[in-house]
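Asker: Structure file final_10.cif, mmCIF, C-alpha atoms, is pasted below:
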```cif
data_work
loop_
_atom_site.label_atom_id
_atom_site.label_comp_id
_atom_site.auth_asym_id
_atom_site.auth_seq_id
_atom_site.Cartn_x
_atom_site.Cartn_y
_atom_site.Cartn_z
CA MET A 1 -75.56 189.14 87.15
CA ALA A 2 -79.03 190.11 85.92
CA ARG A 3 -78.32 193.69 84.84
CA ILE A 4 -81.26 196.07 84.51
CA ARG A 5 -80.60 198.42 81.62
CA THR A 6 -81.61 202.08 81.68
CA THR A 7 -83.19 204.36 79.10
CA HIS A 8 -85.65 207.26 79.04
CA ALA A 9 -88.76 208.29 77.13
CA GLY A 10 -87.29 210.74 74.64
CA SER A 11 -87.13 214.48 75.17
CA LEU A 12 -84.45 216.14 77.28
CA PRO A 13 -84.04 219.82 78.20
CA ARG A 14 -82.88 222.12 75.42
CA PRO A 15 -80.59 225.08 76.08
CA HIS A 16 -82.48 228.35 76.52
CA ALA A 17 -81.15 229.73 73.23
CA LEU A 18 -82.55 226.71 71.39
CA ASP A 19 -85.88 226.99 73.24
CA VAL A 20 -86.15 230.59 72.06
CA CYS A 21 -85.29 229.70 68.47
CA TRP A 22 -87.89 226.93 68.38
CA ALA A 23 -90.55 229.15 70.01
CA ARG A 24 -89.99 231.86 67.41
CA HIS A 25 -89.99 229.29 64.63
CA ALA A 26 -93.28 227.80 65.85
CA ARG A 27 -94.90 231.27 65.92
CA GLY A 28 -93.83 231.86 62.32
CA ASP A 29 -91.20 234.48 63.17
CA THR A 30 -88.06 234.72 61.06
CA VAL A 31 -85.30 232.48 62.39
CA ASP A 32 -81.74 232.24 61.10
CA VAL A 33 -81.60 228.66 59.82
CA THR A 34 -77.81 228.47 60.18
CA GLU A 35 -78.06 229.60 63.79
CA LEU A 36 -80.84 227.11 64.53
CA ARG A 37 -78.89 224.21 63.05
CA ALA A 38 -75.79 225.19 65.03
CA HIS A 39 -77.84 225.23 68.25
CA ILE A 40 -79.31 221.81 67.40
CA ASP A 41 -75.88 220.32 66.69
CA THR A 42 -74.36 221.63 69.90
CA ALA A 43 -77.36 220.68 72.04
CA THR A 44 -77.55 217.15 70.61
CA ARG A 45 -73.85 216.54 71.27
CA ASP A 46 -74.29 217.80 74.81
CA VAL A 47 -77.27 215.61 75.74
CA VAL A 48 -75.70 212.52 74.19
CA THR A 49 -72.46 213.11 76.10
CA ARG A 50 -74.37 213.71 79.34
CA GLN A 51 -76.24 210.42 78.90
CA ALA A 52 -72.93 208.60 78.40
CA THR A 53 -71.37 210.27 81.45
CA ILE A 54 -74.33 209.35 83.67
CA GLY A 55 -74.41 205.78 82.39
CA ILE A 56 -77.65 205.57 80.41
CA ASP A 57 -77.57 202.31 78.45
CA ILE A 58 -80.04 203.03 75.63
CA ALA A 59 -79.73 206.67 74.62
CA GLY A 60 -81.53 209.11 72.35
CA ASN A 61 -81.03 212.55 70.87
CA GLY A 62 -83.32 214.27 73.40
CA GLU A 63 -85.45 215.58 70.49
CA GLN A 64 -83.21 218.63 70.27
CA GLY A 65 -83.90 218.90 66.55
CA ARG A 66 -87.68 219.25 66.97
CA GLU A 67 -89.92 221.98 68.35
CA SER A 68 -91.94 219.32 70.17
CA PHE A 69 -92.51 215.60 70.15
CA PHE A 70 -95.17 215.81 67.44
CA THR A 71 -95.86 219.32 66.07
CA HIS A 72 -92.73 219.19 63.93
CA VAL A 73 -94.82 217.14 61.50
CA ARG A 74 -96.34 220.39 60.22
CA GLU A 75 -93.11 220.72 58.18
CA ARG A 76 -92.81 217.06 57.22
CA PHE A 77 -96.33 216.84 55.78
CA SER A 78 -98.19 219.18 53.49
CA GLY A 79 -101.83 219.91 54.28
CA PHE A 80 -101.51 221.76 57.60
CA GLY A 81 -102.41 225.43 58.07
CA GLY A 82 -104.34 228.02 60.04
CA THR A 83 -105.11 227.51 63.71
CA GLY A 84 -107.00 224.53 65.07
CA GLU A 85 -109.38 224.32 67.99
CA VAL A 86 -108.12 224.46 71.56
CA ARG A 87 -108.60 221.07 73.23
CA PRO A 88 -110.07 221.34 76.74
CA PHE A 89 -108.43 218.94 79.20
CA ARG A 90 -111.00 217.73 81.69
CA ASP A 91 -108.53 218.58 84.48
CA PHE A 92 -108.74 222.22 83.40
CA VAL A 93 -112.53 222.20 83.14
CA GLU A 94 -113.13 220.63 86.55
CA PHE A 95 -110.41 222.55 88.41
CA PRO A 96 -110.46 226.20 87.27
CA ALA A 97 -107.96 227.34 89.91
CA TYR A 98 -105.51 224.76 88.61
CA ARG A 99 -106.23 225.90 85.03
CA ASP A 100 -105.43 229.51 85.91
CA GLN A 101 -102.21 228.47 87.64
CA ARG A 102 -101.14 226.39 84.66
CA ARG A 103 -102.02 229.00 82.04
CA THR A 104 -98.92 231.12 82.78
CA LEU A 105 -96.58 228.26 81.96
CA MET A 106 -98.46 227.28 78.82
CA THR A 107 -98.40 230.80 77.37
CA ASP A 108 -94.69 231.57 77.95
CA VAL A 109 -93.38 233.36 74.85
CA ASP A 110 -90.14 231.38 75.12
CA SER A 111 -91.91 228.03 74.79
CA VAL A 112 -93.67 226.21 71.97
CA SER A 113 -97.43 226.11 72.45
CA LEU A 114 -99.15 222.73 72.52
CA VAL A 115 -102.51 224.46 72.95
CA GLN A 116 -103.04 226.40 69.72
CA LEU A 117 -101.86 224.28 66.81
CA PRO A 118 -102.35 224.21 63.04
CA ALA A 119 -105.15 222.11 61.56
CA ALA A 120 -105.38 219.68 58.68
CA ILE A 121 -106.95 221.92 56.03
CA ASP A 122 -106.14 219.66 53.06
CA ALA A 123 -105.03 216.11 52.43
CA VAL A 124 -101.85 215.46 54.41
CA ALA A 125 -98.96 214.17 52.33
CA TYR A 126 -95.52 213.18 53.54
CA GLN A 127 -92.72 215.27 52.06
CA GLY A 128 -89.74 212.92 52.37
CA THR A 129 -87.31 211.50 54.91
CA ALA A 130 -84.58 214.16 54.65
CA PRO A 131 -85.35 215.71 58.10
CA ILE A 132 -85.35 212.42 60.00
CA ASP A 133 -82.36 211.17 58.03
CA ALA A 134 -80.48 214.26 59.27
CA GLU A 135 -81.54 213.56 62.86
CA ILE A 136 -80.39 209.95 62.57
CA ALA A 137 -77.03 210.96 61.12
CA LEU A 138 -76.42 213.55 63.85
CA LEU A 139 -77.32 211.08 66.62
CA GLY A 140 -74.96 208.51 65.12
CA SER A 141 -72.14 211.03 64.93
CA CYS A 142 -72.67 212.20 68.51
CA ALA A 143 -72.93 208.65 69.89
CA ALA A 144 -69.89 207.24 68.03
CA PRO A 145 -67.32 208.10 70.73
CA HIS A 146 -69.44 206.45 73.45
CA ALA A 147 -70.22 202.86 74.39
CA PHE A 148 -74.02 202.79 74.56
CA ASP A 149 -75.78 199.42 74.47
CA ASP A 150 -78.19 200.81 71.89
CA LEU A 151 -79.76 203.98 70.51
CA PHE A 152 -83.39 204.95 69.98
CA MET A 153 -85.37 207.63 68.21
CA THR A 154 -88.95 208.73 68.71
CA VAL A 155 -91.64 209.17 66.05
CA PRO A 156 -95.21 210.16 66.98
CA SER A 157 -98.29 208.00 66.72
CA PRO A 158 -100.73 209.05 64.00
CA GLY A 159 -103.35 209.27 66.73
CA ILE A 160 -101.72 212.07 68.71
CA ILE A 161 -101.37 214.18 65.57
CA ALA A 162 -104.98 213.53 64.53
CA THR A 163 -106.41 214.37 67.94
CA ALA A 164 -104.26 217.44 68.64
CA MET A 165 -104.13 219.01 65.17
CA THR A 166 -107.77 219.63 64.28
CA ASN A 167 -109.31 217.72 61.37
CA ARG A 168 -110.86 220.13 58.87
CA HIS A 169 -110.51 217.98 55.77
CA TYR A 170 -111.27 214.30 56.29
CA ALA A 171 -114.73 212.78 56.63
CA THR A 172 -113.77 211.05 59.89
CA ILE A 173 -110.93 211.14 62.36
CA GLU A 174 -110.21 207.53 61.41
CA ASP A 175 -109.56 208.61 57.81
CA TYR A 176 -107.23 211.30 59.13
CA VAL A 177 -105.35 208.75 61.27
CA ASP A 178 -104.94 206.44 58.29
CA ALA A 179 -103.57 209.20 56.06
CA LEU A 180 -101.05 210.20 58.72
CA ALA A 181 -100.01 206.58 59.26
CA ASP A 182 -99.25 206.24 55.55
CA GLY A 183 -96.73 209.06 55.85
CA LEU A 184 -95.31 208.11 59.23
CA ALA A 185 -94.55 204.65 57.87
CA HIS A 186 -91.57 206.20 56.06
CA GLU A 187 -90.18 207.59 59.32
CA TYR A 188 -90.75 204.32 61.17
CA ALA A 189 -88.81 202.48 58.48
CA ALA A 190 -86.03 205.09 58.36
CA VAL A 191 -85.33 204.67 62.08
CA ILE A 192 -85.28 200.86 61.92
CA ASP A 193 -83.26 200.76 58.69
CA ALA A 194 -80.63 202.93 60.39
CA GLY A 195 -80.21 200.29 63.09
CA LEU A 196 -81.94 202.27 65.85
CA ILE A 197 -84.77 201.28 68.16
CA LEU A 198 -88.01 202.95 67.11
CA GLN A 199 -90.12 204.45 69.89
CA ILE A 200 -93.67 205.37 68.88
CA ASP A 201 -95.00 208.12 71.15
CA ALA A 202 -98.71 207.54 71.69
CA PRO A 203 -100.21 209.62 74.51
CA ASP A 204 -103.41 209.52 72.45
CA LEU A 205 -103.86 205.93 73.62
CA ALA A 206 -104.44 207.10 77.22
CA MET A 207 -104.56 210.89 77.49
CA GLU A 208 -107.30 211.46 74.93
CA ARG A 209 -109.79 209.68 77.17
CA HIS A 210 -109.92 212.88 79.27
CA VAL A 211 -109.47 215.26 76.33
CA LEU A 212 -111.15 214.61 72.98
CA TYR A 213 -113.16 211.66 74.32
CA ALA A 214 -113.99 213.14 77.74
CA ASP A 215 -117.72 213.28 77.00
CA ARG A 216 -117.98 209.97 75.16
CA SER A 217 -118.24 206.39 76.32
CA LEU A 218 -115.30 204.19 77.19
CA GLU A 219 -116.22 201.86 74.34
CA GLU A 220 -116.04 204.71 71.82
CA TYR A 221 -112.61 205.55 73.13
CA ARG A 222 -111.45 201.94 73.04
CA SER A 223 -112.66 201.73 69.45
CA PHE A 224 -110.63 204.82 68.55
CA ALA A 225 -107.53 203.40 70.27
CA ALA A 226 -107.94 200.08 68.47
CA HIS A 227 -108.13 201.93 65.15
CA VAL A 228 -104.92 203.82 65.93
CA ILE A 229 -103.12 200.60 66.82
CA ALA A 230 -104.33 198.96 63.61
CA ALA A 231 -103.00 201.97 61.67
CA ILE A 232 -99.66 201.74 63.47
CA ASN A 233 -99.44 198.04 62.67
CA ARG A 234 -100.02 198.73 58.98
CA ALA A 235 -97.39 201.46 59.05
CA LEU A 236 -94.90 199.11 60.70
CA ASN A 237 -95.56 196.51 58.02
CA ASP A 238 -92.79 193.89 58.29
CA LEU A 239 -90.42 195.86 60.53
CA PRO A 240 -88.93 193.69 63.31
CA ARG A 241 -91.20 194.03 66.33
CA GLU A 242 -88.29 193.44 68.72
CA ARG A 243 -86.85 196.79 67.58
CA VAL A 244 -90.07 198.74 68.23
CA ARG A 245 -91.32 200.12 71.52
CA LEU A 246 -94.65 201.83 72.19
CA HIS A 247 -94.78 204.69 74.70
CA VAL A 248 -98.19 205.26 76.28
CA CYS A 249 -98.89 208.03 78.80
CA TRP A 250 -101.74 210.03 80.30
CA GLY A 251 -100.30 213.45 79.54
CA ASN A 252 -96.93 214.74 80.70
CA TYR A 253 -98.01 217.56 82.99
CA ASP A 254 -98.21 218.30 86.70
CA GLY A 255 -101.96 218.01 87.28
CA PRO A 256 -104.54 216.04 89.25
CA HIS A 257 -104.96 213.26 86.65
CA CYS A 258 -108.01 211.96 88.50
CA PHE A 259 -109.86 211.58 85.19
CA ASP A 260 -107.19 209.34 83.64
CA VAL A 261 -108.46 206.12 82.14
CA PRO A 262 -107.26 203.15 84.25
CA LEU A 263 -104.64 200.97 82.59
CA VAL A 264 -106.82 197.93 83.26
CA ASP A 265 -109.43 199.35 80.86
CA MET A 266 -106.94 199.72 78.00
CA LEU A 267 -104.17 197.15 78.33
CA ASP A 268 -105.83 194.50 76.18
CA THR A 269 -106.12 197.08 73.40
CA TYR A 270 -102.42 198.02 73.70
CA LEU A 271 -101.44 194.37 73.45
CA GLY A 272 -102.73 194.36 69.88
CA ALA A 273 -99.75 196.47 68.82
CA ASN A 274 -97.05 194.72 66.82
CA VAL A 275 -94.27 195.90 69.12
CA GLY A 276 -91.72 194.18 71.30
CA THR A 277 -91.58 196.64 74.20
CA TYR A 278 -94.04 198.84 76.07
CA VAL A 279 -92.91 202.07 77.75
CA LEU A 280 -95.35 202.71 80.60
CA SER A 281 -95.77 205.60 83.07
CA LEU A 282 -95.63 203.87 86.46
CA ALA A 283 -93.73 206.30 88.70
CA ASN A 284 -96.36 209.03 89.08
CA PRO A 285 -98.79 209.02 92.03
CA ARG A 286 -101.84 208.21 89.89
CA HIS A 287 -100.55 205.08 88.15
CA ALA A 288 -97.77 203.65 90.34
CA HIS A 289 -100.07 200.87 91.59
CA GLU A 290 -100.67 199.56 88.07
CA PHE A 291 -97.33 197.71 87.98
CA ARG A 292 -99.39 194.68 89.01
CA LEU A 293 -100.82 194.52 85.48
CA LEU A 294 -97.37 193.83 84.04
CA SER A 295 -98.04 190.15 84.77
CA GLU A 296 -100.44 190.24 81.81
CA LEU A 297 -97.77 191.16 79.26
CA PRO A 298 -97.05 188.34 76.80
CA VAL A 299 -93.73 186.56 77.39
CA SER A 300 -92.62 187.73 73.94
CA THR A 301 -92.65 191.36 75.10
CA SER A 302 -90.54 193.56 77.36
CA VAL A 303 -91.35 196.68 79.36
CA VAL A 304 -89.59 199.94 80.12
CA VAL A 305 -90.92 200.71 83.58
CA GLY A 306 -91.38 204.36 84.45
CA CYS A 307 -89.30 204.74 87.63
CA ILE A 308 -88.79 208.51 87.47
CA ASP A 309 -91.65 211.05 87.50
CA THR A 310 -91.03 213.70 84.84
CA THR A 311 -93.42 216.28 86.32
CA THR A 312 -91.89 216.89 89.77
CA ASN A 313 -88.61 218.39 90.95
CA TYR A 314 -88.43 215.82 93.73
CA VAL A 315 -85.37 213.65 93.04
CA GLU A 316 -86.21 209.99 93.55
CA HIS A 317 -83.93 208.13 95.96
CA PRO A 318 -82.04 205.32 94.19
CA GLN A 319 -83.61 202.82 96.58
CA VAL A 320 -87.08 204.01 95.52
CA VAL A 321 -86.07 203.40 91.91
CA ALA A 322 -84.71 199.96 92.81
CA ASP A 323 -87.92 199.04 94.65
CA ARG A 324 -89.99 200.03 91.62
CA ILE A 325 -87.80 197.89 89.39
CA LEU A 326 -87.98 194.90 91.72
CA ARG A 327 -91.79 195.10 91.90
CA ALA A 328 -91.92 195.17 88.11
CA VAL A 329 -89.56 192.18 87.83
CA GLU A 330 -91.72 190.22 90.26
CA ALA A 331 -94.84 191.00 88.20
CA VAL A 332 -93.21 190.24 84.85
CA GLY A 333 -91.36 187.18 86.12
CA ASP A 334 -88.13 187.73 84.21
CA PRO A 335 -85.56 190.50 84.85
CA ALA A 336 -84.33 190.22 81.27
CA ARG A 337 -87.68 191.61 80.14
CA VAL A 338 -87.53 194.72 82.34
CA GLN A 339 -85.72 198.00 81.70
CA ALA A 340 -85.78 201.13 83.87
CA GLY A 341 -86.90 204.41 82.39
CA THR A 342 -88.81 207.63 82.87
CA ASP A 343 -92.55 208.18 82.76
CA CYS A 344 -92.29 210.54 79.82
CA GLY A 345 -89.95 213.09 78.27
CA PHE A 346 -88.57 215.98 80.27
CA ALA A 347 -89.23 218.66 77.63
CA THR A 348 -91.96 217.45 75.29
CA ALA A 349 -92.05 220.92 73.71
CA ALA A 350 -89.24 223.44 73.59
CA GLY A 351 -89.36 225.56 76.76
CA LEU A 352 -92.32 223.64 78.21
CA ARG A 353 -91.31 221.53 81.20
CA ASP A 354 -92.14 221.02 84.85
CA VAL A 355 -88.69 219.88 85.98
CA ALA A 356 -85.78 222.35 86.08
CA SER A 357 -83.11 221.47 83.53
CA ASP A 358 -80.32 220.94 86.06
CA ILE A 359 -82.51 218.66 88.18
CA VAL A 360 -83.32 216.46 85.16
CA TRP A 361 -79.78 215.12 85.10
CA VAL A 362 -79.77 214.41 88.84
CA LYS A 363 -83.00 212.43 88.42
CA LEU A 364 -81.45 210.45 85.56
CA GLN A 365 -78.41 209.74 87.72
CA ALA A 366 -80.77 208.39 90.39
CA LEU A 367 -82.31 206.16 87.71
CA VAL A 368 -78.91 204.67 86.86
CA GLU A 369 -77.96 204.21 90.51
CA GLY A 370 -81.32 202.62 91.28
CA ALA A 371 -80.97 200.19 88.38
CA ARG A 372 -77.53 199.23 89.65
CA LEU A 373 -78.95 198.60 93.12
CA ALA A 374 -81.78 196.49 91.73
CA SER A 375 -79.34 194.48 89.61
CA GLU A 376 -77.25 193.72 92.69
CA MET A 377 -80.30 192.72 94.71
CA LEU A 378 -81.50 190.41 91.95
CA THR A 379 -78.27 188.42 92.16
CA LEU A 380 -78.45 187.83 95.92
#
```
Mind turning this structure into structure tokens?
Answerer:
Amino acid sequence: MARIRTTHAGSLPRPHALDVCWARHARGDTVDVTELRAHIDTATRDVVTRQATIGIDIAGNGEQGRESFFTHVRERFSGFGGTGEVRPFRDFVEFPAYRDQRRTLMTDVDSVSLVQLPAAIDAVAYQGTAPIDAEIALLGSCAAPHAFDDLFMTVPSPGIIATAMTNRHYATIEDYVDALADGLAHEYAAVIDAGLILQIDAPDLAMERHVLYADRSLEEYRSFAAHVIAAINRALNDLPRERVRLHVCWGNYDGPHCFDVPLVDMLDTYLGANVGTYVLSLANPRHAHEFRLLSELPVSTSVVVGCIDTTTNYVEHPQVVADRILRAVEAVGDPARVQAGTDCGFATAAGLRDVASDIVWVKLQALVEGARLASEMLTL
């Protein structure tokens, strides 16, 4: 039987106590380190066990040990400080009523802000792999009692850090990207050397078209994206591409998204990445039609198809998930090259999420059931 395997895009809900600890930590408040580590340990064990119980095939640590999917780098690199500029999303500029509605969620004191972030005020320098080594060890310990097909861990793209955490030191943003890539190379290697799949989170390769590059030409943005991919490729060096997946998204938030760059305008750029798998957001209402472009993926690559929208509390019916998988298989031409996943993470920053924590697990159960249905239909 052609079995469609399931995974997800990284972050999973943290317990409220851990959200609060991370929010305080991100604000610079005093946090009991022993208490924080205990919360991380307990939360990681819980999300790993839940993934096993549901039947997720390729599991992760849910990013429980990070304040967000990328701002944790402020502690893994020197050179960050102060407060950077607030990045205006074009959605917020063009739809002020939506902006006002969203502002309450984004300023919750129990969540980590992805709006006001530190800046690069000096040369950024990587401080060592001890933090990610600890994450890897904890994931391995938590996963040992379970029979997962594989494990993965996320590391951010240098581009999302460079675009979100204001450059106040380097002559160009490209220089900033390159400096970050030099440091992130150590984390990329640490994940692969530990036997895990490496997922590089790169919303900068789509989202920044309507943020930092909203008032610039498409060609300028494509040039930036190509530079980021070249930097990622250098950072990956000789790591096995079949163990690397690239996650691209247009921003993990419940918004209009009508200014998103079309996938057709960027796919050729993404295909320059030295990765074996692409994780693409294809469940949401703005990009669901773009599954047709999967036919353009090289036969040497695979795809994790977003079958679950991470910004709505609607729970997808398993048959809807199965239909999305089957359309992707038809476009790709080979079920062995298709996995079922989520559009993005469910809690990309501690306390900041659109989907209620208890509903997340029901949506993931629907993902597993839908993949099972699709697998059965593929054998008929």
Asker: Determine, counting all atoms listed in the file, which protein, DNA and RNA residues have an atom within 12 Å of an atom of Gly28 in chain A; residues of the same chain fewer than 6 positions away are not included. Present the result as a PyMOL selection string.
Answerer: chain A and resi 21-22+74-75+81-82+112+117-118
Asker: Residues near Leu198 in chain A, anyone? I mean within 12 Å using all atoms listed in the file, not counting same-chain ones fewer than 3 positions away, as number ranges by chain.
Answerer: A: 9-10, 58-60, 136, 150-157, 184-185, 187-195, 201, 236, 239-247, 275-279
Asker: Identify which of the residues A:Ala374, A:Leu297, A:Ala164, A:Leu12 lies closest to Val47 in chain A, counting all atoms listed in the file when measuring atom-to-atom distances.
Answerer: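 Of the candidates, the smallest distance to Val47 in chain A is held by A:Leu12.
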Asker: Can you pull out the residues contacting Thr42 in chain A? Cut-off 12 Å, using all atoms listed in the file, and skip same-chain residues under 4 positions away; I want them as an mmCIF file with C-alpha atoms, in the coordinates of the input.
Answerer:
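Done, and the output landed in selection02.cif:
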```
data_model
loop_
_atom_site.group_PDB
_atom_site.id
_atom_site.type_symbol
_atom_site.label_atom_id
_atom_site.label_comp_id
_atom_site.auth_asym_id
_atom_site.auth_seq_id
_atom_site.Cartn_x
_atom_site.Cartn_y
_atom_site.Cartn_z
ATOM 1 C CA ARG A 14 -82.880 222.120 75.420
ATOM 2 C CA PRO A 15 -80.590 225.080 76.080
ATOM 3 C CA ALA A 17 -81.150 229.730 73.230
ATOM 4 C CA LEU A 18 -82.550 226.710 71.390
ATOM 5 C CA GLU A 35 -78.060 229.600 63.790
ATOM 6 C CA LEU A 36 -80.840 227.110 64.530
ATOM 7 C CA ARG A 37 -78.890 224.210 63.050
ATOM 8 C CA ALA A 38 -75.790 225.190 65.030
ATOM 9 C CA ASP A 46 -74.290 217.800 74.810
ATOM 10 C CA VAL A 47 -77.270 215.610 75.740
ATOM 11 C CA VAL A 48 -75.700 212.520 74.190
ATOM 12 C CA THR A 49 -72.460 213.110 76.100
ATOM 13 C CA ASN A 61 -81.030 212.550 70.870
ATOM 14 C CA GLN A 64 -83.210 218.630 70.270
ATOM 15 C CA GLY A 65 -83.900 218.900 66.550
ATOM 16 C CA LEU A 138 -76.420 213.550 63.850
ATOM 17 C CA LEU A 139 -77.320 211.080 66.620
ATOM 18 C CA SER A 141 -72.140 211.030 64.930
ATOM 19 C CA CYS A 142 -72.670 212.200 68.510
#
```
Asker: With all atoms listed in the file as the atoms that count, which of A:Ala288, A:Ala206, A:Ala283, A:Ala371 lies nearest to Ile325 in chain A?
Answerer: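 Residue with the minimum atom-to-atom distance to Ile325 in chain A: A:Ala371.
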Asker: Around range 79-98 of chain A, fit a box with edges along x, y and z, padding it by 4 Å on each side, then list its centre and edge lengths in Å to one decimal as AutoDock Vina command-line options.
Answerer:
```
--center_x -107.3 --center_y 222.9 --center_z 72.1 --size_x 19.6 --size_y 18.3 --size_z 43.6
```
Asker: For Val86 in chain A, please output as a PyMOL selection string all residues within 10 Å (counting only C-alpha atoms; exclusion window: fewer than 6 positions along the same chain).
Answerer: chain A and resi 114-117+164-166
